[in-house]
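*Asks:* Quick one, coords-v2.tsv (TSV, C-alpha atoms):
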```tsv
chain	number	residue	atom	x	y	z
W	222	MET	CA	19.96	0.85	11.26
W	223	ARG	CA	20.28	-0.43	14.83
W	224	LYS	CA	23.25	0.70	16.89
W	225	SER	CA	24.23	-2.91	17.63
W	226	THR	CA	24.28	-3.67	13.89
W	227	VAL	CA	26.50	-0.67	13.21
W	228	ILE	CA	28.91	-1.77	15.96
W	229	LEU	CA	29.10	-5.29	14.53
W	230	LEU	CA	29.70	-3.84	11.06
W	231	HIS	CA	32.64	-1.79	12.33
W	232	ALA	CA	34.07	-4.69	14.33
W	233	GLY	CA	33.83	-6.98	11.31
W	234	TYR	CA	35.51	-4.38	9.11
W	235	TRP	CA	38.55	-3.98	11.41
W	236	LEU	CA	38.86	-7.72	11.95
W	237	LEU	CA	38.92	-8.27	8.19
W	238	TYR	CA	41.34	-5.36	7.82
W	239	ALA	CA	43.77	-6.90	10.35
W	240	VAL	CA	43.60	-10.27	8.56
W	241	VAL	CA	44.30	-8.68	5.16
W	242	VAL	CA	47.30	-6.70	6.52
W	243	SER	CA	48.70	-9.86	8.13
W	244	LEU	CA	48.32	-11.85	4.91
W	245	LEU	CA	50.03	-9.12	2.90
W	246	PHE	CA	52.91	-9.15	5.42
W	247	VAL	CA	53.29	-12.91	5.06
W	248	LEU	CA	53.13	-12.86	1.26
W	249	SER	CA	55.64	-10.01	1.01
W	250	ASN	CA	58.18	-11.86	3.14
W	251	GLU	CA	60.94	-13.68	1.32
W	252	THR	CA	60.17	-16.79	3.37
W	253	PRO	CA	56.44	-16.66	4.07
W	254	GLU	CA	56.41	-19.71	6.33
W	255	LEU	CA	58.91	-17.98	8.65
W	256	ALA	CA	57.27	-14.57	8.54
W	257	PHE	CA	55.59	-14.70	11.95
W	258	ARG	CA	58.88	-15.61	13.62
W	259	GLU	CA	59.69	-11.94	13.13
W	260	TRP	CA	56.61	-11.22	15.22
W	261	GLU	CA	57.88	-7.79	16.34
W	262	ASP	CA	57.96	-6.64	12.72
W	263	TRP	CA	54.45	-8.03	12.12
W	264	LEU	CA	53.05	-6.36	15.24
W	265	THR	CA	54.63	-3.04	14.30
W	266	ILE	CA	53.30	-3.12	10.73
W	267	LEU	CA	49.87	-4.17	12.00
W	268	ALA	CA	49.84	-1.39	14.60
W	269	ILE	CA	50.94	1.26	12.10
W	270	SER	CA	48.39	0.08	9.54
W	271	LEU	CA	45.57	0.02	12.10
W	272	LEU	CA	46.52	3.44	13.45
W	273	THR	CA	46.73	5.02	10.00
W	274	GLY	CA	43.60	3.29	8.75
W	275	SER	CA	41.43	4.01	11.79
W	276	ILE	CA	42.32	7.71	11.95
W	277	SER	CA	41.59	8.16	8.25
W	278	PHE	CA	38.48	5.98	8.35
W	279	TYR	CA	36.82	7.87	11.18
W	280	ALA	CA	37.98	11.26	9.95
W	281	PHE	CA	35.94	10.61	6.81
W	282	TYR	CA	33.18	8.63	8.52
W	283	SER	CA	32.49	10.99	11.42
W	284	TRP	CA	33.55	14.40	10.11
W	285	LEU	CA	34.02	14.83	6.35
W	286	VAL	CA	30.98	12.88	5.15
W	287	PRO	CA	28.39	14.41	7.55
W	288	ARG	CA	29.78	17.93	7.21
W	289	TYR	CA	30.46	18.16	3.49
W	290	LEU	CA	29.26	15.18	1.47
W	291	THR	CA	25.74	14.90	2.89
W	292	THR	CA	25.31	18.65	2.40
W	293	GLN	CA	26.48	18.27	-1.24
W	294	LYS	CA	29.67	20.31	-0.77
W	295	ILE	CA	31.62	17.99	-3.06
W	296	GLN	CA	34.60	20.27	-3.78
W	297	LYS	CA	35.21	20.95	-0.10
W	298	PHE	CA	34.87	17.25	0.64
W	299	ILE	CA	37.55	16.34	-1.93
W	300	ARG	CA	39.84	19.17	-0.87
W	301	TRP	CA	39.62	18.41	2.83
W	302	GLY	CA	39.85	14.68	2.12
W	303	LEU	CA	43.23	15.14	0.45
W	304	VAL	CA	44.40	17.44	3.24
W	305	VAL	CA	43.37	14.93	5.89
W	306	THR	CA	45.05	12.04	4.05
W	307	ILE	CA	48.36	13.89	3.75
W	308	ALA	CA	48.17	15.18	7.32
W	309	ILE	CA	47.48	11.73	8.73
W	310	THR	CA	50.31	10.18	6.73
W	311	GLY	CA	52.78	12.87	7.75
W	312	GLY	CA	51.74	12.56	11.36
W	313	ILE	CA	52.20	8.79	11.36
W	314	ILE	CA	55.64	9.12	9.73
W	315	ALA	CA	56.66	11.64	12.37
W	316	LEU	CA	55.37	9.36	15.10
W	317	ILE	CA	57.34	6.47	13.70
W	318	ALA	CA	60.54	8.48	13.30
W	319	VAL	CA	60.44	10.21	16.66
W	320	ALA	CA	58.69	7.81	19.02
W	321	LEU	CA	58.47	4.23	17.81
W	322	SER	CA	62.00	3.97	16.46
W	323	VAL	CA	63.55	5.29	19.66
W	324	LEU	CA	61.42	3.16	21.95
W	325	LEU	CA	61.54	-0.10	20.01
W	326	SER	CA	65.24	0.17	19.17
W	327	VAL	CA	65.92	-0.22	22.88
W	328	VAL	CA	63.84	-3.40	23.06
W	329	PHE	CA	64.77	-4.90	19.69
W	330	GLU	CA	68.41	-4.48	18.69
W	331	ASN	CA	67.83	-5.13	15.01
W	332	PHE	CA	64.47	-3.42	14.71
W	333	PHE	CA	63.86	-2.72	11.00
W	334	LEU	CA	62.44	0.82	11.39
W	335	ILE	CA	65.76	2.26	12.55
W	336	ARG	CA	67.40	0.97	9.37
W	337	LEU	CA	65.08	2.82	6.96
W	338	SER	CA	66.81	5.05	4.40
W	339	VAL	CA	65.42	8.21	2.85
W	340	SER	CA	64.10	6.27	-0.15
W	341	ASP	CA	62.55	3.74	2.22
W	342	LEU	CA	60.78	6.57	4.07
W	343	GLN	CA	59.47	7.88	0.75
W	344	ILE	CA	58.07	4.45	-0.09
W	345	LEU	CA	56.61	4.20	3.41
W	346	PHE	CA	54.95	7.61	2.94
W	347	ILE	CA	53.36	6.45	-0.31
W	348	ILE	CA	52.17	3.18	1.27
W	349	LEU	CA	50.68	4.94	4.30
W	350	SER	CA	49.06	7.53	2.03
W	351	LEU	CA	47.40	4.72	0.07
W	352	ILE	CA	46.29	3.07	3.32
W	353	ALA	CA	44.83	6.36	4.56
W	354	LEU	CA	43.13	7.07	1.24
W	355	VAL	CA	41.67	3.57	0.87
W	356	ASN	CA	40.32	3.61	4.44
W	357	GLY	CA	38.91	7.09	3.85
W	358	ILE	CA	37.09	5.86	0.75
W	359	LEU	CA	35.80	2.78	2.60
W	360	GLY	CA	34.74	4.95	5.56
W	361	THR	CA	32.83	7.16	3.13
W	362	THR	CA	31.24	4.12	1.50
W	363	ILE	CA	30.16	2.54	4.78
W	364	ARG	CA	28.78	5.82	6.13
W	365	GLY	CA	26.93	6.34	2.86
W	366	PHE	CA	25.49	2.83	3.02
W	367	ILE	CA	24.32	3.29	6.63
W	368	THR	CA	22.78	6.67	5.79
W	369	TRP	CA	21.07	5.26	2.70
W	370	TYR	CA	19.73	2.25	4.60
W	371	THR	CA	18.47	4.47	7.43
W	372	ASP	CA	16.75	6.83	4.99
W	373	ILE	CA	15.07	3.90	3.23
W	374	HIS	CA	13.89	2.50	6.56
W	375	ILE	CA	12.55	5.88	7.67
W	376	ARG	CA	10.76	6.38	4.35
W	377	GLU	CA	9.16	2.95	4.53
W	378	THR	CA	8.10	3.48	8.12
W	379	LEU	CA	6.80	6.95	7.32
W	380	ALA	CA	4.85	5.61	4.35
W	381	ASN	CA	3.27	2.98	6.58
W	382	LYS	CA	2.45	5.51	9.29
W	383	THR	CA	1.18	7.96	6.69
W	384	LEU	CA	-1.23	5.34	5.35
W	385	ARG	CA	-2.53	4.67	8.84
W	386	THR	CA	-2.78	8.40	9.47
W	387	GLU	CA	-4.68	9.00	6.24
W	388	LEU	CA	-7.17	6.27	7.09
W	389	ALA	CA	-7.61	7.64	10.60
W	390	LEU	CA	-7.98	11.18	9.25
W	391	LEU	CA	-10.64	10.06	6.78
W	392	LYS	CA	-12.56	8.44	9.63
W	393	ALA	CA	-12.04	11.36	12.00
W	394	GLN	CA	-12.59	14.29	9.66
W	395	ILE	CA	-14.82	12.95	6.89
W	396	ASN	CA	-17.28	11.03	8.99
W	397	PRO	CA	-21.00	10.82	8.27
W	398	HIS	CA	-21.91	12.65	11.49
W	399	PHE	CA	-19.89	15.72	10.55
W	400	LEU	CA	-21.03	15.69	6.92
W	401	PHE	CA	-24.71	15.15	7.70
W	402	ASN	CA	-24.76	17.91	10.32
W	403	THR	CA	-23.03	20.34	7.98
W	404	LEU	CA	-25.23	19.48	4.99
W	405	ASN	CA	-28.34	19.69	7.16
W	406	ASN	CA	-27.36	23.16	8.38
W	407	ILE	CA	-26.62	24.28	4.83
W	408	ASP	CA	-30.00	22.90	3.71
W	409	ILE	CA	-31.75	24.97	6.38
W	410	LEU	CA	-29.80	28.07	5.31
W	411	ILE	CA	-30.87	27.64	1.67
W	412	GLU	CA	-34.43	28.62	2.54
W	413	HIS	CA	-33.49	31.66	4.61
W	414	ASP	CA	-30.14	32.85	3.27
W	415	ALA	CA	-29.22	31.30	-0.08
W	416	PRO	CA	-26.01	33.34	-0.66
W	417	ARG	CA	-24.69	32.34	2.75
W	418	ALA	CA	-25.65	28.71	2.15
W	419	SER	CA	-23.76	28.78	-1.15
W	420	LEU	CA	-20.72	30.20	0.64
W	421	TYR	CA	-20.74	27.39	3.20
W	422	LEU	CA	-21.26	24.80	0.49
W	423	ASN	CA	-18.14	26.07	-1.28
W	424	LYS	CA	-16.23	25.88	2.00
W	425	LEU	CA	-17.32	22.28	2.50
W	426	SER	CA	-16.34	21.43	-1.08
W	427	GLY	CA	-12.91	22.97	-0.55
W	428	LEU	CA	-12.47	21.13	2.73
W	429	LEU	CA	-13.31	17.77	1.17
W	430	ARG	CA	-11.05	18.42	-1.81
W	431	PHE	CA	-8.16	19.31	0.49
W	432	VAL	CA	-8.50	16.17	2.64
W	433	LEU	CA	-8.95	13.80	-0.30
W	434	TYR	CA	-6.27	15.20	-2.62
W	435	GLU	CA	-3.91	17.77	-1.09
W	436	THR	CA	-2.97	15.61	1.91
W	437	GLN	CA	-1.34	13.01	-0.38
W	438	ALA	CA	1.83	15.16	-0.56
W	439	ASP	CA	4.55	14.90	2.08
W	440	LEU	CA	4.68	18.68	2.40
W	441	ILE	CA	2.16	21.36	1.50
W	442	PRO	CA	2.24	25.17	1.70
W	443	LEU	CA	1.44	26.43	5.17
W	444	THR	CA	-1.12	28.79	3.62
W	445	GLN	CA	-3.16	25.77	2.44
W	446	GLU	CA	-3.16	24.21	5.88
W	447	LEU	CA	-4.28	27.48	7.46
W	448	ASP	CA	-6.98	27.91	4.83
W	449	TYR	CA	-8.29	24.43	5.69
W	450	ILE	CA	-8.33	25.34	9.40
W	451	ARG	CA	-10.36	28.50	8.71
W	452	LYS	CA	-12.90	26.58	6.60
W	453	TYR	CA	-13.16	23.82	9.18
W	454	ILE	CA	-13.83	26.33	11.96
W	455	ASP	CA	-16.40	28.20	9.86
W	456	LEU	CA	-18.28	24.98	9.15
W	457	GLN	CA	-18.26	24.04	12.83
W	458	LYS	CA	-19.61	27.48	13.77
W	459	ILE	CA	-22.72	27.07	11.59
W	460	ARG	CA	-24.37	25.32	14.52
W	461	THR	CA	-24.07	28.28	16.89
W	462	THR	CA	-25.08	31.92	16.91
W	463	ASN	CA	-22.32	32.72	19.39
W	464	GLU	CA	-19.73	34.58	17.30
W	465	HIS	CA	-17.22	34.36	20.15
W	466	PHE	CA	-17.42	30.59	20.63
W	467	VAL	CA	-14.11	30.09	18.79
W	468	LYS	CA	-11.16	32.47	18.75
W	469	LEU	CA	-8.56	32.05	16.00
W	470	GLN	CA	-5.40	34.15	15.92
W	471	ILE	CA	-2.62	33.79	13.31
W	472	ASP	CA	0.53	35.89	13.62
W	473	GLY	CA	3.62	36.09	11.44
W	474	PRO	CA	4.51	35.50	7.78
W	475	THR	CA	3.05	32.40	6.13
W	476	ASP	CA	4.16	32.66	2.50
W	477	GLY	CA	6.92	30.37	1.26
W	478	LEU	CA	6.73	27.94	4.19
W	479	LEU	CA	5.93	24.24	3.97
W	480	ILE	CA	4.39	21.90	6.51
W	481	ALA	CA	3.31	18.27	6.68
W	482	PRO	CA	-0.47	18.18	6.15
W	483	MET	CA	-3.07	17.69	8.88
W	484	LEU	CA	-0.78	18.05	11.88
W	485	PHE	CA	-3.00	20.56	13.72
W	486	VAL	CA	-6.46	19.37	12.68
W	487	PRO	CA	-6.73	16.36	15.05
W	488	TYR	CA	-6.41	18.71	18.01
W	489	LEU	CA	-9.02	21.06	16.54
W	490	GLU	CA	-11.41	18.16	16.05
W	491	ASN	CA	-10.77	17.07	19.62
W	492	ALA	CA	-11.49	20.61	20.87
W	493	PHE	CA	-14.87	20.77	19.13
W	494	LYS	CA	-15.70	17.28	20.37
W	495	TYR	CA	-15.34	18.20	24.03
W	496	ALA	CA	-16.32	21.90	24.05
W	497	THR	CA	-19.97	21.25	23.27
W	498	ASN	CA	-21.46	24.19	25.19
W	499	LYS	CA	-21.61	26.72	22.38
W	500	LYS	CA	-22.94	29.49	24.59
W	501	VAL	CA	-19.53	29.90	26.23
W	502	SER	CA	-17.31	32.65	24.79
W	503	ASP	CA	-13.76	31.67	23.87
W	504	ALA	CA	-14.57	28.03	24.59
W	505	ILE	CA	-11.90	27.20	21.99
W	506	CYS	CA	-8.85	29.43	21.58
W	507	ILE	CA	-6.45	28.69	18.74
W	508	GLN	CA	-3.22	30.62	18.30
W	509	ILE	CA	-0.70	30.04	15.51
W	510	SER	CA	2.51	32.07	15.58
W	511	ILE	CA	5.15	31.96	12.85
W	512	ASP	CA	8.63	33.45	13.00
W	513	GLU	CA	11.97	32.82	11.29
W	514	THR	CA	12.74	29.66	13.25
W	515	GLN	CA	9.52	27.91	14.20
W	516	ILE	CA	5.78	27.53	13.99
W	517	ARG	CA	3.99	27.61	17.34
W	518	PHE	CA	0.52	26.07	17.48
W	519	GLN	CA	-1.59	26.23	20.61
W	520	CYS	CA	-5.16	25.05	21.07
W	521	VAL	CA	-6.99	25.51	24.38
W	522	ASN	CA	-10.52	24.31	24.90
W	523	VAL	CA	-12.86	24.02	27.85
W	524	ILE	CA	-14.03	20.54	28.76
W	525	ASP	CA	-17.71	20.08	29.38
W	526	PRO	CA	-18.74	17.83	32.29
W	527	GLY	CA	-18.73	14.17	31.27
W	528	LYS	CA	-16.27	14.73	28.40
W	529	THR	CA	-12.82	13.35	29.22
W	530	GLY	CA	-9.86	11.91	27.33
W	531	LEU	CA	-8.57	12.30	23.79
W	532	ASP	CA	-8.41	8.77	22.42
W	533	THR	CA	-11.91	7.69	21.41
W	534	PRO	CA	-13.10	5.27	18.73
W	535	GLY	CA	-12.76	6.89	15.33
W	536	GLY	CA	-10.39	9.55	16.56
W	537	LEU	CA	-6.67	10.05	15.91
W	538	GLY	CA	-4.84	9.11	19.12
W	539	ASN	CA	-1.95	10.87	20.77
W	540	ASP	CA	0.40	7.93	20.21
W	541	LEU	CA	-0.17	7.94	16.46
W	542	ILE	CA	0.30	11.71	16.29
W	543	ARG	CA	3.56	11.52	18.25
W	544	GLN	CA	4.82	8.71	16.01
W	545	ARG	CA	4.15	10.79	12.93
W	546	LEU	CA	5.85	13.85	14.43
W	547	SER	CA	8.90	11.78	15.41
W	548	LEU	CA	9.22	10.38	11.90
W	549	LEU	CA	8.90	13.81	10.31
W	550	TYR	CA	11.05	15.82	12.73
W	551	GLN	CA	13.01	13.28	14.83
W	552	ASP	CA	13.88	15.29	17.99
W	553	HIS	CA	13.32	18.73	16.45
W	554	TYR	CA	9.78	19.31	17.69
W	555	THR	CA	8.10	19.93	21.03
W	556	LEU	CA	4.62	18.67	21.92
W	557	THR	CA	3.16	19.58	25.29
W	558	ILE	CA	-0.28	18.48	26.45
W	559	GLN	CA	-1.80	19.74	29.70
W	560	ALA	CA	-5.18	18.49	30.84
W	561	THR	CA	-7.25	19.49	33.86
W	562	GLU	CA	-10.86	18.82	34.79
W	563	ASN	CA	-12.00	21.96	33.00
W	564	GLU	CA	-9.38	22.66	30.31
W	565	TYR	CA	-7.32	20.89	27.68
W	566	ARG	CA	-4.22	22.66	26.32
W	567	VAL	CA	-2.03	21.53	23.41
W	568	THR	CA	1.17	23.33	22.41
W	569	LEU	CA	3.15	22.17	19.37
W	570	LEU	CA	6.42	23.74	18.19
W	571	LEU	CA	7.70	22.85	14.71
W	572	PRO	CA	10.92	24.08	13.06
W	573	VAL	CA	10.45	26.26	10.00
W	574	LYS	CA	13.96	25.79	8.60
W	575	ALA	CA	13.57	21.99	8.56
W	576	HIS	CA	10.64	22.42	6.19
W	577	GLU	CA	12.59	24.77	3.95
W	578	LEU	CA	15.55	22.38	3.73
W	579	SER	CA	13.39	19.35	3.03
W	580	ALA	CA	11.66	21.20	0.22
W	581	HIS	CA	14.83	21.37	-1.88
```
Go through the file and emit its structure as structure tokens.

*Replies:*
Amino acid sequence: MRKSTVILLHAGYWLLYAVVVSLLFVLSNETPELAFREWEDWLTILAISLLTGSISFYAFYSWLVPRYLTTQKIQKFIRWGLVVTIAITGGIIALIAVALSVLLSVVFENFFLIRLSVSDLQILFIILSLIALVNGILGTTIRGFITWYTDIHIRETLANKTLRTELALLKAQINPHFLFNTLNNIDILIEHDAPRASLYLNKLSGLLRFVLYETQADLIPLTQELDYIRKYIDLQKIRTTNEHFVKLQIDGPTDGLLIAPMLFVPYLENAFKYATNKKVSDAICIQISIDETQIRFQCVNVIDPGKTGLDTPGGLGNDLIRQRLSLLYQDHYTLTIQATENEYRVTLLLPVKAHELSAH
């Protein structure tokens, strides 16, 4: 939800709140048509109601709901909600007794607050407690509505971007050029090394199955993504006898971690597209490091003369990748791209804990 919309929602709420308090003051007066002649009483009641309501409202809206309710700590939310309501009410009563009564009694000789008895203070405590509690409940409701609306909007946007990403991935990764080259190489291997050809055919089958079926999920095991990367690299290396053309290094534990599918593959495809000289050792260096807090992906490839830029027809552009990362991780990721005439370097940092939380 836009910030301007949220501001208007809050402004409308407090305007309506002030109108309701004023109407209740008029209706509770013995002579309603003369109620606003006692304007000092109306202003005082309105000020006290707004002060009590706003403190309670934003205590729930800004603190209790984000800290306890959204994390499903219901008991703590209820307990702290009652504590906050009582504390706010007691604080307002003390402020009235100590400050307002003394100050306003000097200005208004017959100011009603200085004439309150003990029973009147008890009634006032109950009324202010109800005001605090009602505003707390409404603050919770409004915050819940805004959070729900924002989540729905993010999900819809993510679904739309995911569809575009899937179409782009199908064009970029399952294109006739890649398939025909791979199948042609496997066909040549069948005559000379049938067991090896069968192995590569199984890798290609697994790669196609992964792209067509496994990528439909929002999150997949990191082990599956890494397995796809290994198969993809192996299939690309069929066309070269240089065993050191590609260097892949994976460090750290991978079990039990989840990741959004196909986040790294576009950069791998880009690396193979522009590092066409397969006689060069370590022309493509891929390093994936996993620790307790993050996944670090880095892909460095040499750029052959005449090969420049990332965004080409049929490829997955940087803008689309960044949009997908922003939808999945908001501001909790880091993507750095460094390009020179001879080298292209991509570094992507993703939080591990965010995946673990979103899996529950």

*Asks:* Of the candidates W:Asp552, W:Asn423, W:Gln437, W:Arg566, which shows the shortest atom-to-atom distance to W:Leu489, using all atoms listed in the file?

*Replies:*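 Closest residue, counting all atoms listed in the file: W:Arg566.
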
*Asks:* For W:Phe281, work out the shell of residues within 9 Å, counting all atoms listed in the file and skipping chain neighbours fewer than 3 positions away, then give it as a list in words.

*Replies:*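 Near W:Phe281, the qualifying residues are Ile276, Ser277, Phe278, Trp284, Leu285, Val286, Pro287, Gly302, Val305, Asn356, Gly357, Ile358, Leu359, Gly360, Thr361 and Arg364 of chain W.
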
*Asks:* Which polymer residues have any atom within 12 Å of an atom of stretch 227-239 of chain W, counting all atoms listed in the file, with same-chain residues fewer than 3 positions away left out, as a PDB file with C-alpha atoms, in the coordinates of the input?

*Replies:*
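Listed below is the output, out.pdb:
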```pdb
ATOM      1  CA  MET W 222      19.960   0.850  11.260  1.00  0.00           C
ATOM      2  CA  ARG W 223      20.280  -0.430  14.830  1.00  0.00           C
ATOM      3  CA  LYS W 224      23.250   0.700  16.890  1.00  0.00           C
ATOM      4  CA  VAL W 242      47.300  -6.700   6.520  1.00  0.00           C
ATOM      5  CA  SER W 243      48.700  -9.860   8.130  1.00  0.00           C
ATOM      6  CA  LEU W 244      48.320 -11.850   4.910  1.00  0.00           C
ATOM      7  CA  LEU W 245      50.030  -9.120   2.900  1.00  0.00           C
ATOM      8  CA  PHE W 246      52.910  -9.150   5.420  1.00  0.00           C
ATOM      9  CA  TRP W 263      54.450  -8.030  12.120  1.00  0.00           C
ATOM     10  CA  LEU W 264      53.050  -6.360  15.240  1.00  0.00           C
ATOM     11  CA  ILE W 266      53.300  -3.120  10.730  1.00  0.00           C
ATOM     12  CA  LEU W 267      49.870  -4.170  12.000  1.00  0.00           C
ATOM     13  CA  ALA W 268      49.840  -1.390  14.600  1.00  0.00           C
ATOM     14  CA  ILE W 269      50.940   1.260  12.100  1.00  0.00           C
ATOM     15  CA  SER W 270      48.390   0.080   9.540  1.00  0.00           C
ATOM     16  CA  LEU W 271      45.570   0.020  12.100  1.00  0.00           C
ATOM     17  CA  LEU W 272      46.520   3.440  13.450  1.00  0.00           C
ATOM     18  CA  THR W 273      46.730   5.020  10.000  1.00  0.00           C
ATOM     19  CA  GLY W 274      43.600   3.290   8.750  1.00  0.00           C
ATOM     20  CA  SER W 275      41.430   4.010  11.790  1.00  0.00           C
ATOM     21  CA  PHE W 278      38.480   5.980   8.350  1.00  0.00           C
ATOM     22  CA  TYR W 279      36.820   7.870  11.180  1.00  0.00           C
ATOM     23  CA  TYR W 282      33.180   8.630   8.520  1.00  0.00           C
ATOM     24  CA  ILE W 352      46.290   3.070   3.320  1.00  0.00           C
ATOM     25  CA  VAL W 355      41.670   3.570   0.870  1.00  0.00           C
ATOM     26  CA  ASN W 356      40.320   3.610   4.440  1.00  0.00           C
ATOM     27  CA  LEU W 359      35.800   2.780   2.600  1.00  0.00           C
ATOM     28  CA  GLY W 360      34.740   4.950   5.560  1.00  0.00           C
ATOM     29  CA  ILE W 363      30.160   2.540   4.780  1.00  0.00           C
ATOM     30  CA  ARG W 364      28.780   5.820   6.130  1.00  0.00           C
ATOM     31  CA  PHE W 366      25.490   2.830   3.020  1.00  0.00           C
ATOM     32  CA  ILE W 367      24.320   3.290   6.630  1.00  0.00           C
ATOM     33  CA  THR W 368      22.780   6.670   5.790  1.00  0.00           C
ATOM     34  CA  TYR W 370      19.730   2.250   4.600  1.00  0.00           C
ATOM     35  CA  THR W 371      18.470   4.470   7.430  1.00  0.00           C
TER      36      THR W 371
END
```

*Asks:* Using only C-alpha atoms, which protein or nucleic acid residues come within 8 Å of stretch 453-469 of chain W? Drop anything in the same chain fewer than 5 positions from it, and give the result as number ranges by chain.

*Replies:* W: 403, 406, 421, 424-425, 428, 493, 499-508

*Asks:* Would you work out the distance separating atom CA of W:Ile295 from atom CA of W:Asp372, expressed in Å to one decimal?

*Replies:* 20.3 Å

*Asks:* Would you please work out which residue, of W:Gln445, W:Ala308, W:Thr475, W:Glu513, is nearest to W:Arg430 when using all atoms listed in the file?

*Replies:*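 Of the candidates, the smallest distance to W:Arg430 is held by W:Gln445.
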
*Asks:* Can you tell me, as a list in words, what residues are no more than 10 Å from W:Phe518 when counting only C-alpha atoms, ignoring any on the same chain fewer than 5 positions away?

*Replies:* Ile471, Leu484, Phe485, Ile507, Gln508, Ile509, Ser510, Ile511, Leu556, Val567, Thr568, Leu569, Leu570 and Leu571 of chain W

*Asks:* So the first atom is atom CA of W:Ile407 and the second is atom CA of W:Arg451; what is the distance between them in Å, to one decimal place?

*Replies:*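 Distance reported for this atom pair: 17.2 Å.
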
*Asks:* Please identify all polymer residues within 12 Å of W:Pro526, counting only C-alpha atoms, omitting same-chain residues fewer than 3 positions from it, and present them as a count of residues only.

*Replies:* 11

*Asks:* Put a box with edges along x, y and z around all the listed atoms of stretch 445-453 of chain W, pad it by 3 Å on each side, then give me its centre and sizes in Å, one decimal, as lines of an AutoDock Vina configuration file.

*Replies:*
```
center_x = -8.2
center_y = 26.2
center_z = 5.9
size_x = 16.0
size_y = 10.7
size_z = 13.0
```

*Asks:* Report the distance between atom CA of W:Tyr449 and atom CA of W:Leu429 in Å, rounded to one decimal place.

*Replies:* 9.5 Å

*Asks:* So, counting all atoms listed in the file, which residue among W:Thr378, W:Asn522, W:Gln296, W:Thr514 is closest to W:His553?

*Replies:* W:Thr514
